[in-house]
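A.B. asks: Let me begin by handing over the structure; questions about it come next.
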Amino acid sequence: MTSPTIEPSAFAATLPHHAVSASVLVTDEDGRILMLHQARPYPGHPAWWQPPAGLADPGETPIATALREVTEETGLHPTTPLRPLAVDYRCAAGGWPPVIDFAFAADPMPARHPVRLSAEHEAFAWRTFEEWLPFLQPEQSAWFVSLWQAHLRGATVVLVDGRDTAAPMPPALRSGG
């Protein structure tokens, strides 16, 4: 007995839809990190500080998205290839579909390099990792820490909902509550 044949396009229509986004960790020669403050929040989130980032256009690769976003949002043009830092699978939540976020690192920019903001952001700042921690939203903290640690180690990490999948699970989660 043979199994029924399904056309590729019909099969593809049954697959889940995901959004793709990309972000770029931009540092300067003094070790400070560039973050941008959103002029308008995404639906379901407060306006927050974030690295240059955005959603992929249809058919756009993650690296192309990262390069486009960093240029559009800051006026900066990385001159060397971006290094992969993280892939973060964010489960569907708050009306958003699942998002696969690719994070990259740019080579350090010269200190005090001019930044030209897009209309999407109202402010930018260069701060050290430790100086940024009080400015983060609670749901950003684990993600930001994972990116920074990957950056320092020259590694790439896999995250789920902003948390490192290789990190030990907290005891409360291991025991089921």
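As shown in the structure tokens, the chain order sets the letters A, B, ...; within each chain, residues go from 1, and ligands are also counted from 1 in the order they appear.
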Per residue of stretch 122-151 of chain A within 12 Å of stretch 95-104 of chain A, note the shortest atom pair and the distance in Å to one decimal, counting only C-alpha atoms, and order the rows by chain and increasing residue number, as a Markdown table.

C.D. replies:
```
| residue | atom | partner | partner_atom | distance |
| --- | --- | --- | --- | --- |
| A:Trp143 | CA | A:Ala103 | CA | 10.1 |
| A:Phe144 | CA | A:Ala103 | CA | 10.4 |
| A:Ser146 | CA | A:Ala103 | CA | 10.6 |
| A:Leu147 | CA | A:Ala103 | CA | 7.7 |
| A:Trp148 | CA | A:Ala103 | CA | 10.8 |
| A:Ala150 | CA | A:Phe104 | CA | 10.2 |
| A:His151 | CA | A:Phe104 | CA | 9.0 |
```

A.B. asks: Only N, CA and C atoms, please: the residues just picked out, written as a PDB file, in the first residue's frame.

C.D. replies:
```pdb
ATOM      1  N   TRP A 143      18.826  37.517  28.276  1.00  0.00           N
ATOM      2  CA  TRP A 143      19.262  37.590  26.886  1.00  0.00           C
ATOM      3  C   TRP A 143      20.518  38.443  26.756  1.00  0.00           C
ATOM      4  N   PHE A 144      20.488  39.623  27.370  1.00  0.00           N
ATOM      5  CA  PHE A 144      21.616  40.555  27.285  1.00  0.00           C
ATOM      6  C   PHE A 144      22.863  39.955  27.932  1.00  0.00           C
ATOM      7  N   SER A 146      23.534  36.741  28.269  1.00  0.00           N
ATOM      8  CA  SER A 146      23.994  35.662  27.388  1.00  0.00           C
ATOM      9  C   SER A 146      24.761  36.210  26.189  1.00  0.00           C
ATOM     10  N   LEU A 147      24.265  37.286  25.588  1.00  0.00           N
ATOM     11  CA  LEU A 147      24.970  37.885  24.457  1.00  0.00           C
ATOM     12  C   LEU A 147      26.345  38.392  24.870  1.00  0.00           C
ATOM     13  N   TRP A 148      26.393  39.087  25.995  1.00  0.00           N
ATOM     14  CA  TRP A 148      27.661  39.658  26.438  1.00  0.00           C
ATOM     15  C   TRP A 148      28.671  38.553  26.764  1.00  0.00           C
ATOM     16  N   ALA A 150      28.739  35.505  25.511  1.00  0.00           N
ATOM     17  CA  ALA A 150      29.147  34.913  24.230  1.00  0.00           C
ATOM     18  C   ALA A 150      30.159  35.817  23.531  1.00  0.00           C
ATOM     19  N   HIS A 151      29.924  37.116  23.584  1.00  0.00           N
ATOM     20  CA  HIS A 151      30.842  38.087  22.980  1.00  0.00           C
ATOM     21  C   HIS A 151      32.226  37.985  23.622  1.00  0.00           C
TER      22      HIS A 151
END
```

A.B. asks: List every residue of stretch 19-52 of chain A that DSSP, applied to the backbone of this structure, places in strand (DSSP E), and write the result as a list in words.

C.D. replies: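 These are the residues in question: Ala19, Val20, Ser21, Ala22, Ser23, Val24, Leu25, Ile33, Leu34, Met35, Leu36, His37, Gln38, Trp49 and Gln50 of chain A.
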
A.B. asks: At what distance in Å, to one decimal, does atom CA of A:Glu122 lie from atom CA of A:Leu25?

C.D. replies: 18.6 Å

A.B. asks: Please identify which residues in stretch 71-128 of chain A DSSP calls helix (DSSP H, G or I) from the backbone, and express them as a list in words.

C.D. replies: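 Residues meeting the helix (DSSP H, G or I) criterion: Thr71, Glu72, Glu73 and Thr74 of chain A.
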
A.B. asks: Which residue out of A:Pro4, A:Pro58, A:Gly94, A:Pro52 has the minimum interatomic distance to A:Gly75 when only C-alpha atoms are used?

C.D. replies: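 Using only C-alpha atoms, A:Gly75 sits closest to A:Pro52.
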
A.B. asks: Determine the nearest neighbour of A:Pro51 from the options A:Ala119, A:Ile63, A:Leu36, A:Ala166, counting only C-alpha atoms.

C.D. replies: A:Leu36

A.B. asks: List the spatial neighbours of A:Gln50 as an MDAnalysis selection string - criterion: any atom at most 9 Å away, only C-alpha atoms, same-chain residues fewer than 6 positions off excluded.

C.D. replies: chainID A and resid 23 34:38 136 140

A.B. asks: Taking N, CA and C atoms for each residue, export the selection above as a CSV table (one decimal), in the first residue's frame.

C.D. replies:
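Saved to out-v1.csv:
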```
chain,number,residue,atom,x,y,z
A,23,SER,N,19.7,41.3,15.5
A,23,SER,CA,20.2,42.4,16.3
A,23,SER,C,21.7,42.4,16.1
A,34,LEU,N,26.7,50.1,22.5
A,34,LEU,CA,25.7,51.1,21.9
A,34,LEU,C,24.3,50.5,22.0
A,35,MET,N,23.4,51.3,22.7
A,35,MET,CA,22.0,50.9,22.7
A,35,MET,C,21.1,52.1,22.3
A,36,LEU,N,20.0,51.7,21.8
A,36,LEU,CA,19.0,52.7,21.3
A,36,LEU,C,17.7,52.7,22.1
A,37,HIS,N,17.1,53.8,22.3
A,37,HIS,CA,15.9,53.8,23.0
A,37,HIS,C,14.8,54.0,22.0
A,38,GLN,N,13.8,53.1,22.0
A,38,GLN,CA,12.7,53.2,21.1
A,38,GLN,C,11.9,54.4,21.2
A,136,LEU,N,17.7,47.8,31.7
A,136,LEU,CA,17.0,46.7,31.0
A,136,LEU,C,15.7,46.3,31.6
A,140,GLN,N,14.5,41.2,29.3
A,140,GLN,CA,15.7,41.4,28.5
A,140,GLN,C,17.0,40.9,29.2
```

A.B. asks: Extract, using only C-alpha atoms, all DNA, RNA and protein residues at most 9 Å from A:Val160, discarding same-chain residues fewer than 4 positions from it, and format them as JSON, numbers by chain.

C.D. replies: {"A": [87, 88, 89, 90, 91, 164, 165]}

A.B. asks: From the options A:Leu67, A:Ala56, A:Ala47, A:Val158, which residue's atoms come nearest to A:Glu120, counting only C-alpha atoms?

C.D. replies: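 Using only C-alpha atoms, A:Glu120 sits closest to A:Ala47.
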
A.B. asks: Mind checking which residues fall within 10 Å of A:Thr80, counting only C-alpha atoms, ignoring those fewer than 3 positions away in the same chain, and posting them as a list in words?

C.D. replies: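 Surrounding residues, per the criterion: His77, Arg83, Ala106 and Asp107 of chain A.
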